[in-house]
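Contents: one structure, followed by commentary.
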Amino acid sequence: MRPVGTLSKVETHRREVAKPPAKWGESIVMNQTRSRTRSEGSEEKRYTFCRICEASCGLEISMKDGEITQIRPDPNHVATDGFSCVKGLKQHRIFASEDRLKYPMKRVGDGFERISWEQALEEIGAKLRQLRGDHSPDSIAMYVGTAAGFSVLHPVFAQGFMTGLGSASMYASATQDCSNKFAVANLVYGFPFTQPFPDLEHINCLIVAGANPVISKWSFGQVSNPAKKLKAMEKRGGKLYFLDPRKTESAKVAGEHVFIRPSTDVFFFLSFLHEVILMDAVDHERVKAFMNGYESLVELVKPWSPERTESVTKVPADTLRAMVKDYVNADGAALYCSTGVNMGRHGAMAFWLQECINAITGNLDKRGGSLVGRGVIDFPKFGKKNGILVRSERSRVGDFPSVNDAFPGGLLADEILTPGPKQVRSLFVTGGNPLITMPNSNRLREALRKLELLVVLDILPTETAAEAHYILPCTSPLQRPDLPFIFPLMLGLQTKPHLQATRRVLPPEGEQRDEASIYLQLCKAAGAPLFGSRIAQWMLQGMQRVRSWFVRDEQPGVPQEWLLSFLLRITGQGSFKKLLKETHGRERPGHKADDFLGKRVYTDSSKVELAPPSLLEAAEKLEAEFSLELENPQELRLITKRAVTTHNSWTHNFDEFVRGERATNYLYMHPKDAERTGVSDGDVVDVSSETGTVRVPIKTLDELMEGTVALPHGWGHQNAKGLSVASQTHGVNANILAADGPENLDRLSGMAHLTGIPVSVSPAEGPQNTKDWSGL
């Protein structure tokens, strides 16, 4: 297989970047809406919150003449303590890229031409009608990316569009990083979004596996300024451990670091549970009252002593026992894992065991342990009652269950390429870039080129958009009103519960439209009413027409603020306008202990199910997996790594973040592994897995565990010719090395294995010219 190439030594000077072609977006006079609200030359401050990641940090924005001059953390925010990362503070410049999509685009030959919205909607709608008539509604699929999730209306209307079409062919980015948690929560707690989180303000022992919150913030918890939280915990005497194949930035801030071999976390958790039960550190009264299946756990862990698992995890038995001792002796403790565990080979089982440990020790639903938040409504109860996120459909290829009403992304290429009833023939990509984020992306690219219709909704012309038949220009987070996304809003997944409303800070440019409006208009064009409801479609179209009468100089769209206000009112939170007056956010009631068990567990038994049959069945295969681990002790394992200036795949088009030696990713190797391979800093290596090879320069890093190599994800933009900065970078796509297809996915969650990948590393062979980065 031909490897992706790079320079023999990485360029460190800043690159000259050509201006983007005019077809991607023309310079236009800013919408007159700006001048209506402020006089020329005046200065003002606006308050909003960031929607780049879960932390949702409060922001203070300075504006002059309708332009953002600076973004700072909001020092008076009720929850985020005057904190924001560099991405949040520079987002206005990232979104102001000359490459921004401003008009609908249609593929013509090998390029794109600007077309009208009327033409785009008419042609897409006609194709959808034809596909539904000739084949099946399920031949039309959708991929929902992470960016869609950080908005309230976008995912709702996207789902409404697919429901209106009658299609269950939904795919989501969650099957790259967190579906294990959703699948397990559905089995253990009765609903996928029931996600306990550590009570960071009061916890006395926290063991973090596969997470680096200082860089990536806190998944499923909305924690701003995590470094401050970790230092405060240590200062008050709490015990803190980071279990990771790399000594991360978080482990350098506070606590103790413990190395673990990639993808062996499940064996660590088995031994941890083994010791908890052996010490009888179990709250038997709580278990009897609120849980089922404890006896099955006792039998499960009997063979898994710390001495036995040490041979594969490389966590010394004495170290594991010391961690257990600190955990069980603390007045309030929790185990917490994130993507480093989620994306490994046993993510679902590892998370299940973690939750069982927290539960049987009495730390679930306990102050200082792990809590279950409350949103503005009891969303798990509502969802369970109305069949939301608990569909029973199974995939056509591989017979996988849907998780959160979505099939595994790692099956998408197969679903497109495999003939038969319900074969995917059309795909809508919304808020995501699967050609960078999905496993075996080279194969996926081949599959996308077989589609009869590929429509991408985005703010930039990404790698995936480069393969599309139509590209529809969307608004950025700064160009739309909003509320906190579903996790904090509906589930209370926040360290400090609060609400905040924001109006748009900037108006759309050109013919950009918000995604909710686009999906409503696509429903009309396809003759498929939103959510299958002609009444809902008629009412929303009427609202759109009324809005157009009053706002004649903007693109047609739904009244977003009115819809958000309606949501607030029906959940008892007052109006959107009233919430806006609380410019720094509104505090909500704090989290409570003893507020979940026996009250909000929605399994059939109303008890926590510690031993669901499907998980016990999967656990029976661990003996064989353990034997395989013992057979390959010297095998190199690839993990991911992230910098504070990157966020998945889309911050690489900002020149300031990719200057000099940051214009590529690197393979990080322990110095001893590099020496054994015969390479040194700056040399170029070929990194190979069963699915592909990439060529990349190396950096040695003694913070890595021997036998572990790290390659940051989100790179490999050379095919995105519309990204004038990112396309000139040299980074390679780590997910080329990850396998897709039914035989390579977790049966419980549908997740691909994007970390802990077995690889070989060798000095690069042949020409090392980087002129052609075609994503081989």
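In the structure tokens, chains take the letters A, B, ... in the order shown, each chain's residues start at 1, and ligands count up from 1 in the order shown.
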
For stretch 461-464 of chain A, find every residue with an atom within 6 Å (counting only C-alpha atoms), except residues of its own chain fewer than 4 positions away, and show them as an MDAnalysis selection string. chainID A and resid 433 435 719:720 722

How would the residues just chosen look if you wrote them out with N, CA, C and O atoms as an mmCIF file, in the first residue's frame?
data_model
loop_
_atom_site.group_PDB
_atom_site.id
_atom_site.type_symbol
_atom_site.label_atom_id
_atom_site.label_comp_id
_atom_site.auth_asym_id
_atom_site.auth_seq_id
_atom_site.Cartn_x
_atom_site.Cartn_y
_atom_site.Cartn_z
ATOM 1 N N ASN A 433 -17.660 15.852 9.696
ATOM 2 C CA ASN A 433 -16.696 15.669 8.616
ATOM 3 C C ASN A 433 -16.215 14.219 8.639
ATOM 4 O O ASN A 433 -15.085 13.933 9.022
ATOM 5 N N LEU A 435 -15.076 12.067 6.655
ATOM 6 C CA LEU A 435 -13.867 11.626 5.959
ATOM 7 C C LEU A 435 -12.602 11.863 6.777
ATOM 8 O O LEU A 435 -11.538 11.355 6.429
ATOM 9 N N ASN A 719 -7.107 16.916 0.669
ATOM 10 C CA ASN A 719 -8.155 16.809 -0.352
ATOM 11 C C ASN A 719 -9.200 17.921 -0.265
ATOM 12 O O ASN A 719 -10.049 18.029 -1.144
ATOM 13 N N ALA A 720 -9.129 18.714 0.770
ATOM 14 C CA ALA A 720 -10.094 19.810 0.943
ATOM 15 C C ALA A 720 -9.551 21.057 0.268
ATOM 16 O O ALA A 720 -9.042 21.984 0.923
ATOM 17 N N GLY A 722 -10.869 23.517 -0.952
ATOM 18 C CA GLY A 722 -11.521 24.775 -0.597
ATOM 19 C C GLY A 722 -11.059 25.364 0.713
ATOM 20 O O GLY A 722 -11.432 26.485 1.056
#

List the spatial neighbours of stretch 588-594 of chain A as a ChimeraX atom specification - criterion: any atom at most 8 Å away, only C-alpha atoms, same-chain residues fewer than 6 positions off excluded. /A:365-367,371-374,496-499

Taking only stretch 200-449 of chain A into account, list the residues labelled strand (DSSP E) by DSSP (computed from the backbone), as a list of chain:residue names. A:Cys205, A:Leu206, A:Ile207, A:Val208, A:Ala209, A:Lys239, A:Leu240, A:Tyr241, A:Phe242, A:Leu243, A:Glu256, A:His257, A:Val258, A:Met291, A:Asn292, A:Ala333, A:Ala334, A:Leu335, A:Tyr336, A:Cys337, A:Ser370, A:Leu371, A:Ser426, A:Leu427, A:Phe428, A:Val429, A:Thr430

Can those selected residues be exported to a file as an mmCIF file, in the first residue's frame so that it contains N, CA, C and O atoms?
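Once everything was written out, this is again-v1.cif:
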data_model
loop_
_atom_site.group_PDB
_atom_site.id
_atom_site.type_symbol
_atom_site.label_atom_id
_atom_site.label_comp_id
_atom_site.auth_asym_id
_atom_site.auth_seq_id
_atom_site.Cartn_x
_atom_site.Cartn_y
_atom_site.Cartn_z
ATOM 1 N N CYS A 205 -11.839 11.271 46.456
ATOM 2 C CA CYS A 205 -10.948 10.399 45.695
ATOM 3 C C CYS A 205 -11.518 10.262 44.289
ATOM 4 O O CYS A 205 -12.668 9.849 44.119
ATOM 5 N N LEU A 206 -10.710 10.611 43.310
ATOM 6 C CA LEU A 206 -11.142 10.535 41.914
ATOM 7 C C LEU A 206 -10.081 9.791 41.116
ATOM 8 O O LEU A 206 -8.901 10.147 41.142
ATOM 9 N N ILE A 207 -10.500 8.758 40.419
ATOM 10 C CA ILE A 207 -9.615 7.989 39.549
ATOM 11 C C ILE A 207 -10.090 8.194 38.117
ATOM 12 O O ILE A 207 -11.214 7.821 37.764
ATOM 13 N N VAL A 208 -9.247 8.825 37.320
ATOM 14 C CA VAL A 208 -9.593 9.217 35.952
ATOM 15 C C VAL A 208 -8.853 8.303 34.981
ATOM 16 O O VAL A 208 -7.624 8.235 35.005
ATOM 17 N N ALA A 209 -9.591 7.613 34.139
ATOM 18 C CA ALA A 209 -8.994 6.694 33.162
ATOM 19 C C ALA A 209 -9.255 7.202 31.751
ATOM 20 O O ALA A 209 -10.399 7.449 31.372
ATOM 21 N N LYS A 239 -7.564 12.560 47.025
ATOM 22 C CA LYS A 239 -6.651 11.711 46.267
ATOM 23 C C LYS A 239 -7.084 11.699 44.804
ATOM 24 O O LYS A 239 -8.272 11.548 44.495
ATOM 25 N N LEU A 240 -6.110 11.856 43.923
ATOM 26 C CA LEU A 240 -6.397 11.980 42.500
ATOM 27 C C LEU A 240 -5.414 11.114 41.712
ATOM 28 O O LEU A 240 -4.199 11.226 41.897
ATOM 29 N N TYR A 241 -5.942 10.270 40.843
ATOM 30 C CA TYR A 241 -5.118 9.408 40.002
ATOM 31 C C TYR A 241 -5.508 9.610 38.537
ATOM 32 O O TYR A 241 -6.693 9.736 38.210
ATOM 33 N N PHE A 242 -4.490 9.583 37.675
ATOM 34 C CA PHE A 242 -4.723 9.556 36.234
ATOM 35 C C PHE A 242 -4.129 8.273 35.676
ATOM 36 O O PHE A 242 -2.926 8.036 35.787
ATOM 37 N N LEU A 243 -4.989 7.461 35.108
ATOM 38 C CA LEU A 243 -4.598 6.175 34.537
ATOM 39 C C LEU A 243 -4.560 6.341 33.021
ATOM 40 O O LEU A 243 -5.598 6.517 32.379
ATOM 41 N N GLU A 256 -1.590 11.868 40.879
ATOM 42 C CA GLU A 256 -0.566 10.871 40.604
ATOM 43 C C GLU A 256 -0.885 10.175 39.291
ATOM 44 O O GLU A 256 -2.033 9.838 39.014
ATOM 45 N N HIS A 257 0.144 9.956 38.492
ATOM 46 C CA HIS A 257 -0.047 9.300 37.207
ATOM 47 C C HIS A 257 0.324 7.827 37.304
ATOM 48 O O HIS A 257 1.326 7.469 37.933
ATOM 49 N N VAL A 258 -0.486 6.972 36.661
ATOM 50 C CA VAL A 258 -0.225 5.530 36.605
ATOM 51 C C VAL A 258 -0.307 5.099 35.151
ATOM 52 O O VAL A 258 -1.333 5.307 34.483
ATOM 53 N N MET A 291 -30.581 -2.285 43.618
ATOM 54 C CA MET A 291 -29.837 -2.896 42.519
ATOM 55 C C MET A 291 -30.166 -4.375 42.369
ATOM 56 O O MET A 291 -30.507 -5.051 43.327
ATOM 57 N N ASN A 292 -29.992 -4.874 41.132
ATOM 58 C CA ASN A 292 -30.125 -6.288 40.816
ATOM 59 C C ASN A 292 -28.818 -6.797 40.208
ATOM 60 O O ASN A 292 -28.121 -6.068 39.521
ATOM 61 N N ALA A 333 -16.153 9.059 46.569
ATOM 62 C CA ALA A 333 -15.154 8.719 45.560
ATOM 63 C C ALA A 333 -15.861 8.360 44.265
ATOM 64 O O ALA A 333 -17.061 8.053 44.243
ATOM 65 N N ALA A 334 -15.100 8.412 43.174
ATOM 66 C CA ALA A 334 -15.671 8.042 41.877
ATOM 67 C C ALA A 334 -14.566 7.601 40.932
ATOM 68 O O ALA A 334 -13.443 8.106 40.983
ATOM 69 N N LEU A 335 -14.913 6.663 40.081
ATOM 70 C CA LEU A 335 -14.133 6.318 38.904
ATOM 71 C C LEU A 335 -14.762 7.040 37.724
ATOM 72 O O LEU A 335 -16.000 7.108 37.610
ATOM 73 N N TYR A 336 -13.931 7.561 36.842
ATOM 74 C CA TYR A 336 -14.438 8.287 35.673
ATOM 75 C C TYR A 336 -13.561 7.947 34.478
ATOM 76 O O TYR A 336 -12.327 7.941 34.581
ATOM 77 N N CYS A 337 -14.176 7.636 33.339
ATOM 78 C CA CYS A 337 -13.402 7.373 32.126
ATOM 79 C C CYS A 337 -13.941 8.192 30.971
ATOM 80 O O CYS A 337 -15.075 8.681 30.996
ATOM 81 N N SER A 370 -20.602 10.054 42.652
ATOM 82 C CA SER A 370 -21.111 10.395 41.330
ATOM 83 C C SER A 370 -22.600 10.687 41.447
ATOM 84 O O SER A 370 -23.334 9.969 42.127
ATOM 85 N N LEU A 371 -23.017 11.756 40.785
ATOM 86 C CA LEU A 371 -24.393 12.235 40.869
ATOM 87 C C LEU A 371 -25.078 12.130 39.518
ATOM 88 O O LEU A 371 -24.423 12.010 38.480
ATOM 89 N N SER A 426 -28.213 7.699 -0.753
ATOM 90 C CA SER A 426 -28.129 9.147 -0.562
ATOM 91 C C SER A 426 -27.713 9.417 0.869
ATOM 92 O O SER A 426 -28.095 8.680 1.789
ATOM 93 N N LEU A 427 -26.935 10.463 1.073
ATOM 94 C CA LEU A 427 -26.448 10.788 2.411
ATOM 95 C C LEU A 427 -26.462 12.289 2.637
ATOM 96 O O LEU A 427 -26.005 13.055 1.790
ATOM 97 N N PHE A 428 -26.999 12.688 3.781
ATOM 98 C CA PHE A 428 -26.906 14.067 4.249
ATOM 99 C C PHE A 428 -25.891 14.093 5.389
ATOM 100 O O PHE A 428 -25.979 13.295 6.326
ATOM 101 N N VAL A 429 -24.932 14.979 5.307
ATOM 102 C CA VAL A 429 -23.921 15.137 6.354
ATOM 103 C C VAL A 429 -24.152 16.491 7.004
ATOM 104 O O VAL A 429 -24.088 17.529 6.340
ATOM 105 N N THR A 430 -24.408 16.483 8.299
ATOM 106 C CA THR A 430 -24.765 17.720 8.993
ATOM 107 C C THR A 430 -23.905 17.908 10.231
ATOM 108 O O THR A 430 -23.865 17.057 11.120
#

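Of the residues listed (A:Gln195, A:Thr583, A:Asn735, A:Gln423), A:Gln195 shows the shortest atom-to-atom separation from A:Pro380; distances use only C-alpha atoms.
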
Enumerate, in order of chain and increasing residue number, the residues of stretch 451-515 of chain A with an atom no farther than 7 Å from stretch 551-574 of chain A, each with its shortest atom pair and distance in Å to one decimal, counting only C-alpha atoms, as a tab-separated table.
residue	atom	partner	partner_atom	distance
A:Pro481	CA	A:Glu561	CA	6.3
A:Glu511	CA	A:Gln555	CA	6.3
A:Arg513	CA	A:Gln555	CA	6.6

DSSP on the backbone, helix (DSSP H, G or I) only: what residues of stretch 151-328 of chain A does that give? Format it as an NGL selection string. :A and (153-165 or 174-177 or 179-188 or 213-216 or 226-235 or 249-253 or 265-278 or 284-290 or 294-301 or 306-313 or 317-328)

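When only C-alpha atoms are used to compute distances to A:Pro488, the closest of the residues A:Asn733, A:Ser56, A:Ser116, A:Thr361 turns out to be A:Ser56.
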
Leaving out A:Arg504 and any residue of its chain fewer than 3 positions from it, which residues lie within 9 Å of it when counting only C-alpha atoms, given as JSON, numbers by chain? {"A": [48, 477, 478, 479, 480, 481, 482, 507]}

Residues of the last selection are to be written out with N, CA and C atoms, as a compact mmCIF listing (two decimals), in the first residue's frame.
# COMPACT_ATOMS: atom_id res chain seq x y z
N THR A 48 -22.37 36.19 25.73
CA THR A 48 -22.86 34.97 25.12
C THR A 48 -22.14 33.80 25.79
N PRO A 477 -21.98 29.30 15.14
CA PRO A 477 -22.57 29.54 16.47
C PRO A 477 -22.75 31.01 16.80
N LEU A 478 -21.87 31.86 16.31
CA LEU A 478 -21.99 33.29 16.61
C LEU A 478 -23.11 33.95 15.81
N GLN A 479 -23.69 33.23 14.87
CA GLN A 479 -24.71 33.80 14.00
C GLN A 479 -26.11 33.27 14.31
N ARG A 480 -26.28 32.64 15.46
CA ARG A 480 -27.61 32.11 15.79
C ARG A 480 -27.90 32.31 17.27
N PRO A 481 -29.17 32.49 17.62
CA PRO A 481 -29.56 32.48 19.03
C PRO A 481 -29.53 31.06 19.55
N ASP A 482 -29.42 30.90 20.86
CA ASP A 482 -29.32 29.54 21.36
C ASP A 482 -29.55 29.48 22.86
N PRO A 507 -24.85 38.78 12.18
CA PRO A 507 -25.86 38.28 11.24
C PRO A 507 -25.23 37.33 10.24

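In this structure, atom CA of A:Val709 sits 9.2 Å away from atom CA of A:Gly756.
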
Residues at most 7 Å from A:Val403, counting only C-alpha atoms, excluding those fewer than 5 positions away in the same chain, as a ChimeraX atom specification? /A:179,182-183,749

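Nearest residue to A:Asp326, choosing from A:Ser219, A:Ser250, A:Asn204, A:Thr264 and counting only C-alpha atoms: A:Asn204.
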